[in-house]
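Take a look at the structure set out below.
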Amino acid sequence: MARPLPRDLTLGELIERFGGELAAGSPSDAVRRLASLSGARPGDLSFFSAARHKAEAAATGASAVIVSPALADALPAATARILVADPYAHFAAVARWFAQLLEAPPPARLVHPSASIDASAELAAGASVGAHAVIEAGAVLGEGCAIGAGSYVGRDARIGAGSRLHPGVTVYHDCVVGARCIVHSGTVIGSDGFGFAREDGRWAKIPQLGAVLIGDDVEIGSNCSIDRGALEDTVIGDGCKLDNLIQIAHNVVIGEHTALAGCVGVAGSARIGRRCMIGGSAGILGHLEICDDVVISAMSLVTRSIRKPGFYTGVFPLMENAGWEKAAATLRQLPVLRDRLRRLERAAAPGQDLSIDPKD
Amino acid sequence: MARPLPRDLTLGELIERFGGELAAGSPSDAVRRLASLSGARPGDLSFFSAARHKAEAAATGASAVIVSPALADALPAATARILVADPYAHFAAVARWFAQLLEAPPPARLVHPSASIDASAELAAGASVGAHAVIEAGAVLGEGCAIGAGSYVGRDARIGAGSRLHPGVTVYHDCVVGARCIVHSGTVIGSDGFGFAREDGRWAKIPQLGAVLIGDDVEIGSNCSIDRGALEDTVIGDGCKLDNLIQIAHNVVIGEHTALAGCVGVAGSARIGRRCMIGGSAGILGHLEICDDVVISAMSLVTRSIRKPGFYTGVFPLMENAGWEKAAATLRQLPVLRDRLRRLERAAAPGQDLSIDPKD
Amino acid sequence: MARPLPRDLTLGELIERFGGELAAGSPSDAVRRLASLSGARPGDLSFFSAARHKAEAAATGASAVIVSPALADALPAATARILVADPYAHFAAVARWFAQLLEAPPPARLVHPSASIDASAELAAGASVGAHAVIEAGAVLGEGCAIGAGSYVGRDARIGAGSRLHPGVTVYHDCVVGARCIVHSGTVIGSDGFGFAREDGRWAKIPQLGAVLIGDDVEIGSNCSIDRGALEDTVIGDGCKLDNLIQIAHNVVIGEHTALAGCVGVAGSARIGRRCMIGGSAGILGHLEICDDVVISAMSLVTRSIRKPGFYTGVFPLMENAGWEKAAATLRQLPVLRDRLRRLERAAAPGQDLSIDPKD
């Protein structure tokens, strides 16, 4: 469950800061913690934004709930409420403030004594470096950025102002992370692209001389791998959001504000447009282009360029295993079945084609 | 191959400790190492539990073999054997004992001098912390737990008694790992859930204020990502077993004794029951519920709740590529083919529906 | 973009070192950086090897281009060119030399003072160990190998001559990495195989007493997991190339010169032959065998042994979502549709089977 604040927060203070109209409660009522409707107990603040949660709302133990006037009657009569037009957005703003209040205090020393920092690395004002982190020669840490414990920032790499690397992040030499980025633990930025040439049945390594360029306001989850380019860079545009365990191959270019869910794999030199949403475990083959505003379903494989915004899916439907075995077995025969159907159609109306699709 | 024990172990000692009846050998015969039937050499102990391994049994170089009376005759006549009812379980018990004997001796100092441990962290009796590990303020390490080299335990996080974090594990603030757990290297527990709200074509971050709660006797493989919840916690039940490279999104709840194979992805707020088995690279969409005792095949995608125990699959069958191209091309036309079939049926027997499935 | 060399390099020097015939330029012309045709600017050297890049070649800003005589006329007339038979291979050789020239200078001290190295570990001549790395008892580091910052080499593990572990690599006890290998950050070698036995609805751990054996000239990407074997070892053959985020389960055996793209999952005891190519996000079930020279498409699942070299695919084709919903719904009925087709065929020609496939 969420941590409680170190001090009480009154509903009056909340309304002063974020707006809203108080009903069924007093400005001096206090909350200390945020919770879901069903998880809430006295002292908790929750929100109610979707009619399908009426049952949870009616039973909530929260001391106060952020809600729209339309839904408010579903709450217990005695539950204090803050009436707003958009409860979800309102709660998100409150949550962001709580998150700041709950942040660990800044460390006594910005640079942990156990960190290894090359003399030629540049640390701007307020840059912090955690225990056992390593900052190599020529690396540049922007104003107020935070490098987590055990992280590694390679030679001449740059971390932008206000960016945060959680513990155990690796940024190889020459890579650039923009401003106000967040990178979660275990992520590796700048490993060699998978470049090999076939020579006599063996693989000869092609050096990967490019780097990775990550824009501003990008968030990358944990245990992702973003490879450096062969010559030019691998590029992640401003405002992109990557979940965990994502593979970005060399020379991929991703447009601004695109979101990738967990376990997605993007192959080399694929270009993805802006504001795309790629579902969990989806795959995108290399050397193709996806235009802006495309949504790809989970576990679907993009094998050709997509030039039209829209919603695309390619997934085998789940069935009870016995049914699947029959369906999968018949699938192999599908072209034969189609040919048999066509023969029957011709036999039924010689000279006339009953098929609905004339070009078949 | 497996390491040998530091000393000889006699068959007499094995039988005294684990039971069984000795035949074709002497209690003073010695073994030092465990091996498979085909990999075994003199001095090795193996087991033979499945008739399909008769060939390997007949050719084994092992000094002694744990076997059932029914299968024992397949062994070379001169090979010592320990006769038991269940050779696999018996060998597993012996293997667990060998594993203990082969463990590295405990370090001279429980807490490595290079570890960074906040003064307010609590270490119970026997808790050990490896080189360059970081333990933050308020963290609690339970009795006899072991934190591997380079691992990170965040502020107010708790690691239960007897649990073991291998080198390079990251546990974010406020997360809880139960007792007798094992977590392998590279796993990240508590990274932010993938929570963003769309605002004007951009993504605004929703703070993830919950935590991760891992029960007792859980084993988690390497390079897994288990995200913290948005408000409530992400929960992994007692006795669960997770393989490597698994993605667990925010607010997932997994019931006791469920096993997930490698590369599985579970999306946000999915609830999985007890004793389920999820196959490698499978995917589970969010906000759905899977009941107890469900088996999901590898690489299958669960898109709706499953309310009935059973075995479910959704995978495109593998074919030679030329055959696949034809089958895949015909697949797009499947609804049209079905309609053509229905027209033929109606033409063949007007007024009468020959289809086997009357509701089509 | 790629880093420039610290000094100018003349075309004369390049030709002396690597061969080729200079045209439209002077031996004293200088280049400092490698770039793609479209990314190149004055001072850059590029290559042009495929006719489909004619447009980029005609517009290139490169100072010099490595090209074949057949394609050279597509370049701007004033662009210096080095004429060779195989521009791609020639450029790769130049790139390898640039990569060496661009390497960071070796550290002042081979062993970083902050590294924790057990007194019984053996470091051969030229072995280097980075900041905060941990080398356990009995580990052996071969001649000229390089252990990156924060890496972990376990008890009695062995790293071969000339091998390189990037920062943050974990090698568990007893594992062996051959000579001239490269392992990228976040990869874990030797975590426990996923071995559990069902006992009364719970899972009992089977100790994993084997190790991992990686051959020579193997490259492994970032954030891979390679599990140790149950008794015998997990084996990766000489010259194999693994991309990122790959899962190799216990007792997998992979033959020489096989390449696995990103996010591939290989289940326990699978055996893969030599010179195979496994596409991104593909899956291979356990206890099966794939012969030499097999190509598996991306996101395809191998469920049975493959005994014939060739090209295999099993992927649901991508469609606009509305079309996919219809196709997927019809797919469940596929066996029923086939039966209805057969009935129509029999009704059309009683006693005669019009089906093209007599065994249906």
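Residue numbering restarts at 1 for every chain of the structure tokens, chains are lettered A, B, ... in their displayed order, and ligands are numbered from 1 as they appear.
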Would you write out chain B as a tab-separated table (two decimals) with C-alpha atoms, in the first residue's frame, after superposing it on chain C by least squares over all in-order Cα pairs?
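Output file out-v1.tsv is given in full below:
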chain	number	residue	atom	x	y	z
B	1	MET	CA	26.70	9.77	-34.79
B	2	ALA	CA	30.05	8.03	-34.84
B	3	ARG	CA	32.96	9.69	-33.05
B	4	PRO	CA	35.63	11.29	-35.18
B	5	LEU	CA	39.18	9.97	-35.02
B	6	PRO	CA	41.59	11.99	-32.93
B	7	ARG	CA	43.56	12.74	-36.08
B	8	ASP	CA	43.04	13.06	-39.81
B	9	LEU	CA	43.37	9.95	-41.93
B	10	THR	CA	44.39	10.39	-45.56
B	11	LEU	CA	42.88	8.42	-48.40
B	12	GLY	CA	46.44	7.40	-49.31
B	13	GLU	CA	46.92	5.86	-45.90
B	14	LEU	CA	43.60	4.02	-46.18
B	15	ILE	CA	44.48	2.57	-49.54
B	16	GLU	CA	47.93	1.55	-48.37
B	17	ARG	CA	46.37	-0.29	-45.46
B	18	PHE	CA	43.25	-1.78	-47.06
B	19	GLY	CA	43.72	-1.62	-50.81
B	20	GLY	CA	41.44	-0.22	-53.49
B	21	GLU	CA	41.86	2.26	-56.33
B	22	LEU	CA	41.46	5.97	-55.80
B	23	ALA	CA	39.51	8.07	-58.27
B	24	ALA	CA	38.18	11.66	-58.31
B	25	GLY	CA	40.28	12.44	-55.24
B	26	SER	CA	43.82	12.93	-54.02
B	27	PRO	CA	45.83	10.66	-51.71
B	28	SER	CA	46.22	13.59	-49.35
B	29	ASP	CA	42.47	14.11	-48.97
B	30	ALA	CA	41.60	13.55	-45.33
B	31	VAL	CA	38.68	11.93	-43.54
B	32	ARG	CA	38.04	11.66	-39.80
B	33	ARG	CA	34.77	9.90	-39.35
B	34	LEU	CA	32.61	7.11	-40.76
B	35	ALA	CA	29.02	7.81	-41.72
B	36	SER	CA	26.14	6.51	-43.77
B	37	LEU	CA	25.60	7.99	-47.24
B	38	SER	CA	22.70	10.15	-46.06
B	39	GLY	CA	24.28	11.13	-42.75
B	40	ALA	CA	27.71	12.02	-44.15
B	41	ARG	CA	29.19	15.51	-44.18
B	42	PRO	CA	32.56	16.83	-45.32
B	43	GLY	CA	35.32	14.95	-43.55
B	44	ASP	CA	33.30	11.73	-43.52
B	45	LEU	CA	33.96	8.42	-45.27
B	46	SER	CA	31.03	6.30	-46.36
B	47	PHE	CA	30.32	3.26	-48.50
B	48	PHE	CA	27.83	2.44	-51.26
B	49	SER	CA	27.17	-1.22	-51.87
B	50	ALA	CA	23.51	-1.62	-52.84
B	51	ALA	CA	21.82	-0.16	-55.92
B	52	ARG	CA	18.68	0.65	-53.91
B	53	HIS	CA	20.67	3.42	-52.21
B	54	LYS	CA	21.33	5.30	-55.46
B	55	ALA	CA	19.34	8.30	-54.32
B	56	GLU	CA	21.31	8.65	-51.09
B	57	ALA	CA	24.54	8.17	-53.03
B	58	ALA	CA	23.71	10.90	-55.48
B	59	ALA	CA	23.04	13.32	-52.64
B	60	THR	CA	25.81	12.29	-50.27
B	61	GLY	CA	27.87	14.91	-48.45
B	62	ALA	CA	30.72	12.47	-47.78
B	63	SER	CA	34.28	13.48	-48.65
B	64	ALA	CA	34.99	9.96	-49.89
B	65	VAL	CA	32.99	6.81	-50.61
B	66	ILE	CA	34.05	3.16	-50.83
B	67	VAL	CA	32.21	1.78	-53.84
B	68	SER	CA	32.35	-0.83	-56.61
B	69	PRO	CA	33.17	0.29	-60.17
B	70	ALA	CA	29.66	-0.69	-61.27
B	71	LEU	CA	27.93	1.71	-58.88
B	72	ALA	CA	30.47	4.53	-58.80
B	73	ASP	CA	28.78	6.66	-61.43
B	74	ALA	CA	25.81	7.28	-59.14
B	75	LEU	CA	28.01	9.39	-56.87
B	76	PRO	CA	28.41	13.14	-57.30
B	77	ALA	CA	31.20	13.65	-59.85
B	78	ALA	CA	33.39	15.56	-57.42
B	79	THR	CA	33.20	12.97	-54.63
B	80	ALA	CA	36.40	11.04	-54.10
B	81	ARG	CA	35.90	7.28	-54.36
B	82	ILE	CA	37.86	4.18	-53.42
B	83	LEU	CA	37.01	1.49	-55.96
B	84	VAL	CA	36.86	-2.08	-54.60
B	85	ALA	CA	35.15	-5.34	-55.53
B	86	ASP	CA	33.15	-5.71	-52.32
B	87	PRO	CA	32.43	-2.31	-50.74
B	88	TYR	CA	30.53	-3.72	-47.75
B	89	ALA	CA	33.28	-6.06	-46.66
B	90	HIS	CA	35.91	-3.40	-47.34
B	91	PHE	CA	34.06	-0.84	-45.25
B	92	ALA	CA	33.62	-3.39	-42.47
B	93	ALA	CA	37.39	-3.89	-42.33
B	94	VAL	CA	37.96	-0.11	-42.23
B	95	ALA	CA	35.28	0.19	-39.54
B	96	ARG	CA	37.02	-2.43	-37.40
B	97	TRP	CA	40.22	-0.44	-37.60
B	98	PHE	CA	38.40	2.82	-36.73
B	99	ALA	CA	36.81	1.01	-33.77
B	100	GLN	CA	40.25	0.10	-32.47
B	101	LEU	CA	41.55	3.64	-32.95
B	102	LEU	CA	38.48	4.97	-31.11
B	103	GLU	CA	38.77	2.63	-28.13
B	104	ALA	CA	39.30	4.28	-24.81
B	105	PRO	CA	42.94	4.20	-23.76
B	106	PRO	CA	43.64	1.34	-21.31
B	107	PRO	CA	43.19	2.42	-17.70
B	108	ALA	CA	46.22	3.61	-15.76
B	109	ARG	CA	45.92	0.65	-13.46
B	110	LEU	CA	44.74	-2.69	-14.81
B	111	VAL	CA	42.92	-3.44	-11.57
B	112	HIS	CA	40.79	-0.63	-10.19
B	113	PRO	CA	41.50	-0.04	-6.50
B	114	SER	CA	37.80	-0.29	-5.67
B	115	ALA	CA	37.46	-3.77	-7.15
B	116	SER	CA	37.07	-6.63	-4.66
B	117	ILE	CA	39.27	-9.51	-5.73
B	118	ASP	CA	39.65	-12.65	-3.64
B	119	ALA	CA	43.25	-13.49	-2.85
B	120	SER	CA	42.85	-16.90	-4.45
B	121	ALA	CA	41.56	-15.56	-7.79
B	122	GLU	CA	44.06	-15.85	-10.63
B	123	LEU	CA	44.58	-12.94	-12.97
B	124	ALA	CA	46.70	-13.65	-16.05
B	125	ALA	CA	48.91	-11.04	-17.68
B	126	GLY	CA	46.97	-8.05	-18.95
B	127	ALA	CA	43.67	-8.99	-17.31
B	128	SER	CA	41.86	-5.82	-16.25
B	129	VAL	CA	39.16	-5.37	-13.62
B	130	GLY	CA	36.96	-2.29	-13.43
B	131	ALA	CA	35.67	-0.20	-10.54
B	132	HIS	CA	33.54	-2.02	-7.97
B	133	ALA	CA	33.81	-5.34	-9.79
B	134	VAL	CA	33.84	-8.47	-7.66
B	135	ILE	CA	36.03	-11.51	-8.38
B	136	GLU	CA	35.39	-14.45	-6.07
B	137	ALA	CA	37.63	-17.21	-4.75
B	138	GLY	CA	39.29	-19.44	-7.30
B	139	ALA	CA	38.05	-17.45	-10.29
B	140	VAL	CA	40.44	-17.42	-13.24
B	141	LEU	CA	40.74	-14.42	-15.56
B	142	GLY	CA	42.57	-15.22	-18.80
B	143	GLU	CA	45.26	-13.20	-20.53
B	144	GLY	CA	44.13	-9.77	-21.59
B	145	CYS	CA	40.51	-10.26	-20.58
B	146	ALA	CA	38.60	-7.21	-19.35
B	147	ILE	CA	36.03	-7.28	-16.57
B	148	GLY	CA	33.83	-4.18	-16.66
B	149	ALA	CA	32.87	-1.95	-13.78
B	150	GLY	CA	30.46	-3.50	-11.33
B	151	SER	CA	30.64	-6.95	-12.90
B	152	TYR	CA	30.62	-10.11	-10.80
B	153	VAL	CA	32.68	-13.26	-11.49
B	154	GLY	CA	31.72	-16.08	-9.14
B	155	ARG	CA	33.69	-18.71	-7.29
B	156	ASP	CA	35.83	-20.86	-9.59
B	157	ALA	CA	34.36	-19.27	-12.70
B	158	ARG	CA	36.68	-18.81	-15.68
B	159	ILE	CA	36.86	-16.02	-18.22
B	160	GLY	CA	38.96	-16.82	-21.28
B	161	ALA	CA	41.82	-14.91	-22.85
B	162	GLY	CA	40.86	-11.73	-24.64
B	163	SER	CA	37.24	-11.85	-23.51
B	164	ARG	CA	35.41	-8.74	-22.49
B	165	LEU	CA	32.62	-8.34	-19.97
B	166	HIS	CA	31.00	-4.91	-20.24
B	167	PRO	CA	29.92	-3.17	-17.01
B	168	GLY	CA	27.37	-4.96	-14.87
B	169	VAL	CA	27.70	-8.54	-16.13
B	170	THR	CA	27.09	-11.39	-13.66
B	171	VAL	CA	28.81	-14.77	-14.01
B	172	TYR	CA	27.80	-17.25	-11.30
B	173	HIS	CA	30.19	-19.76	-9.72
B	174	ASP	CA	31.78	-22.50	-11.84
B	175	CYS	CA	30.69	-21.06	-15.17
B	176	VAL	CA	33.13	-20.86	-18.05
B	177	VAL	CA	33.35	-18.18	-20.74
B	178	GLY	CA	35.76	-18.99	-23.57
B	179	ALA	CA	38.31	-16.84	-25.34
B	180	ARG	CA	37.64	-13.68	-27.31
B	181	CYS	CA	34.04	-13.45	-26.13
B	182	ILE	CA	32.05	-10.26	-25.65
B	183	VAL	CA	29.26	-10.06	-23.08
B	184	HIS	CA	27.15	-6.92	-22.82
B	185	SER	CA	25.80	-5.26	-19.69
B	186	GLY	CA	23.05	-6.78	-17.58
B	187	THR	CA	23.58	-10.31	-18.85
B	188	VAL	CA	23.46	-13.05	-16.25
B	189	ILE	CA	25.29	-16.31	-16.85
B	190	GLY	CA	24.64	-19.21	-14.49
B	191	SER	CA	21.41	-18.38	-12.67
B	192	ASP	CA	19.60	-21.53	-11.50
B	193	GLY	CA	17.71	-23.44	-14.12
B	194	PHE	CA	13.97	-23.46	-13.59
B	195	GLY	CA	13.86	-26.84	-11.87
B	196	PHE	CA	10.97	-27.67	-9.55
B	197	ALA	CA	9.06	-30.85	-8.74
B	198	ARG	CA	5.37	-30.86	-7.89
B	199	GLU	CA	4.67	-32.07	-4.38
B	200	ASP	CA	1.14	-31.73	-2.98
B	201	GLY	CA	0.25	-28.74	-5.12
B	202	ARG	CA	3.47	-26.97	-4.16
B	203	TRP	CA	6.81	-26.67	-5.88
B	204	ALA	CA	9.96	-28.23	-4.39
B	205	LYS	CA	13.26	-26.85	-5.68
B	206	ILE	CA	15.57	-29.16	-7.62
B	207	PRO	CA	19.14	-27.94	-7.07
B	208	GLN	CA	20.91	-26.91	-10.28
B	209	LEU	CA	24.35	-28.43	-9.89
B	210	GLY	CA	25.63	-28.03	-13.43
B	211	ALA	CA	27.13	-24.87	-14.89
B	212	VAL	CA	27.25	-22.86	-18.11
B	213	LEU	CA	29.94	-23.47	-20.71
B	214	ILE	CA	30.35	-20.76	-23.32
B	215	GLY	CA	32.78	-21.42	-26.16
B	216	ASP	CA	35.22	-19.13	-27.93
B	217	ASP	CA	34.35	-16.10	-30.08
B	218	VAL	CA	30.82	-15.90	-28.69
B	219	GLU	CA	29.09	-12.52	-28.43
B	220	ILE	CA	26.13	-12.11	-26.09
B	221	GLY	CA	24.03	-8.95	-26.00
B	222	SER	CA	22.64	-7.10	-23.01
B	223	ASN	CA	20.17	-8.35	-20.40
B	224	CYS	CA	20.31	-11.98	-21.44
B	225	SER	CA	19.75	-14.85	-19.00
B	226	ILE	CA	21.66	-18.10	-19.50
B	227	ASP	CA	20.78	-20.65	-16.84
B	228	ARG	CA	23.09	-23.27	-15.37
B	229	GLY	CA	22.29	-26.92	-15.96
B	230	ALA	CA	20.62	-29.31	-13.52
B	231	LEU	CA	23.49	-31.80	-13.62
B	232	GLU	CA	25.30	-31.39	-16.92
B	233	ASP	CA	26.05	-27.96	-18.33
B	234	THR	CA	24.20	-25.53	-20.53
B	235	VAL	CA	26.41	-25.14	-23.61
B	236	ILE	CA	26.78	-22.30	-26.14
B	237	GLY	CA	29.07	-23.35	-29.01
B	238	ASP	CA	32.01	-21.49	-30.49
B	239	GLY	CA	31.16	-18.51	-32.63
B	240	CYS	CA	27.52	-18.18	-31.57
B	241	LYS	CA	26.01	-14.68	-31.58
B	242	LEU	CA	23.20	-13.81	-29.18
B	243	ASP	CA	21.32	-10.51	-29.32
B	244	ASN	CA	19.66	-8.89	-26.26
B	245	LEU	CA	17.02	-10.07	-23.78
B	246	ILE	CA	17.43	-13.73	-24.69
B	247	GLN	CA	16.41	-16.56	-22.37
B	248	ILE	CA	18.48	-19.76	-22.47
B	249	ALA	CA	17.09	-22.36	-20.08
B	250	HIS	CA	19.03	-25.08	-18.28
B	251	ASN	CA	20.76	-27.77	-20.33
B	252	VAL	CA	20.16	-26.10	-23.68
B	253	VAL	CA	22.93	-26.96	-26.14
B	254	ILE	CA	23.53	-24.60	-29.07
B	255	GLY	CA	25.82	-25.55	-31.96
B	256	GLU	CA	28.62	-23.41	-33.39
B	257	HIS	CA	27.98	-20.25	-35.34
B	258	THR	CA	24.27	-20.12	-34.59
B	259	ALA	CA	22.69	-16.66	-34.22
B	260	LEU	CA	19.73	-15.76	-32.03
B	261	ALA	CA	17.99	-12.39	-32.46
B	262	GLY	CA	16.53	-10.36	-29.61
B	263	CYS	CA	13.95	-11.67	-27.14
B	264	VAL	CA	14.25	-15.33	-28.18
B	265	GLY	CA	13.32	-17.89	-25.53
B	266	VAL	CA	14.80	-21.42	-25.59
B	267	ALA	CA	13.31	-23.90	-23.12
B	268	GLY	CA	15.15	-26.55	-21.13
B	269	SER	CA	17.19	-29.28	-22.83
B	270	ALA	CA	16.48	-28.03	-26.34
B	271	ARG	CA	19.35	-28.76	-28.72
B	272	ILE	CA	19.96	-26.35	-31.60
B	273	GLY	CA	22.35	-27.21	-34.41
B	274	ARG	CA	25.09	-25.25	-36.13
B	275	ARG	CA	24.67	-22.20	-38.30
B	276	CYS	CA	21.02	-21.76	-37.39
B	277	MET	CA	19.31	-18.37	-37.36
B	278	ILE	CA	16.52	-17.85	-34.88
B	279	GLY	CA	14.36	-14.76	-35.47
B	280	GLY	CA	13.48	-12.15	-32.89
B	281	SER	CA	10.97	-13.14	-30.19
B	282	ALA	CA	10.83	-16.73	-31.46
B	283	GLY	CA	10.34	-19.52	-28.96
B	284	ILE	CA	11.74	-23.04	-28.85
B	285	LEU	CA	10.12	-25.59	-26.58
B	286	GLY	CA	12.19	-27.95	-24.50
B	287	HIS	CA	13.49	-31.46	-25.02
B	288	LEU	CA	13.56	-31.24	-28.80
B	289	GLU	CA	16.27	-31.06	-31.41
B	290	ILE	CA	16.79	-28.65	-34.28
B	291	CYS	CA	19.27	-29.80	-36.91
B	292	ASP	CA	21.94	-27.63	-38.55
B	293	ASP	CA	21.18	-24.82	-40.97
B	294	VAL	CA	17.63	-24.10	-39.86
B	295	VAL	CA	16.10	-20.62	-40.06
B	296	ILE	CA	13.17	-19.81	-37.76
B	297	SER	CA	11.13	-16.69	-38.43
B	298	ALA	CA	10.48	-14.01	-35.84
B	299	MET	CA	7.85	-14.71	-33.22
B	300	SER	CA	7.41	-18.34	-34.34
B	301	LEU	CA	7.16	-21.20	-31.88
B	302	VAL	CA	9.05	-24.46	-32.47
B	303	THR	CA	7.09	-27.23	-30.76
B	304	ARG	CA	8.65	-30.37	-32.30
B	305	SER	CA	12.07	-31.42	-33.49
B	306	ILE	CA	13.13	-30.16	-36.87
B	307	ARG	CA	15.21	-32.67	-38.82
B	308	LYS	CA	15.40	-30.93	-42.18
B	309	PRO	CA	17.35	-27.75	-42.89
B	310	GLY	CA	15.08	-25.00	-44.16
B	311	PHE	CA	13.01	-21.96	-43.35
B	312	TYR	CA	10.11	-22.26	-40.92
B	313	THR	CA	7.42	-19.79	-39.85
B	314	GLY	CA	4.39	-19.76	-37.57
B	315	VAL	CA	2.97	-16.27	-37.14
B	316	PHE	CA	-0.55	-14.90	-37.27
B	317	PRO	CA	-0.63	-12.29	-40.04
B	318	LEU	CA	-1.24	-8.68	-39.03
B	319	MET	CA	-4.56	-7.19	-40.12
B	320	GLU	CA	-6.65	-4.15	-39.41
B	321	ASN	CA	-8.26	-4.98	-36.11
B	322	ALA	CA	-11.81	-5.26	-37.43
B	323	GLY	CA	-10.68	-7.82	-40.01
B	324	TRP	CA	-8.69	-9.67	-37.40
B	325	GLU	CA	-11.72	-10.02	-35.13
B	326	LYS	CA	-13.67	-11.70	-37.92
B	327	ALA	CA	-10.80	-13.94	-38.97
B	328	ALA	CA	-10.05	-14.97	-35.39
B	329	ALA	CA	-13.71	-15.73	-34.69
B	330	THR	CA	-13.95	-17.90	-37.81
B	331	LEU	CA	-10.71	-19.67	-36.93
B	332	ARG	CA	-12.33	-21.38	-33.98
B	333	GLN	CA	-14.86	-22.93	-36.33
B	334	LEU	CA	-12.29	-24.12	-38.85
B	335	PRO	CA	-12.66	-27.87	-38.21
B	336	VAL	CA	-16.45	-27.53	-38.47
B	337	LEU	CA	-16.14	-25.63	-41.77
B	338	ARG	CA	-13.93	-28.38	-43.11
B	339	ASP	CA	-16.53	-30.98	-42.20
B	340	ARG	CA	-19.28	-28.95	-43.88
B	341	LEU	CA	-17.15	-28.71	-47.01
B	342	ARG	CA	-16.72	-32.48	-47.04
B	343	ARG	CA	-20.48	-33.02	-46.70
B	344	LEU	CA	-21.11	-30.72	-49.63
B	345	GLU	CA	-18.55	-32.63	-51.69
B	346	ARG	CA	-20.20	-35.93	-50.90
B	347	ALA	CA	-23.64	-34.56	-51.66
B	348	ALA	CA	-22.41	-33.19	-55.00
B	349	ALA	CA	-20.87	-36.47	-56.14
B	350	PRO	CA	-22.07	-39.39	-54.08
B	351	GLY	CA	-19.54	-42.22	-54.08
B	352	GLN	CA	-16.99	-39.94	-55.60
B	353	ASP	CA	-14.61	-37.83	-53.62
B	354	LEU	CA	-13.94	-34.47	-55.25
B	355	SER	CA	-11.52	-33.44	-52.58
B	356	ILE	CA	-8.08	-32.70	-53.88
B	357	ASP	CA	-6.52	-34.41	-50.93
B	358	PRO	CA	-7.70	-38.07	-51.00
B	359	LYS	CA	-6.69	-38.77	-47.45
B	360	ASP	CA	-9.12	-36.13	-46.07
_If you run DSSP on the backbone here, which positions in stretch 89-305 of chain B get strand (DSSP E)? Please write them as an MDAnalysis selection string._
chainID B and resid 116:117 122:123 128:129 134:135 140:141 146:147 152:153 158:159 164:165 170:171 176:177 182:183 188:192 196:199 202:205 212:214 219:220 225:228 234:236 241:242 247:248 253:254 259:260 265:266 271:272 277:278 283:284 289:290 294:296 301:302
*Would you list, as number ranges by chain, the residues of stretch 66-267 of chain C that end up in helix (DSSP H, G or I) under DSSP run on this structure's backbone?*
C: 72-74, 87-102
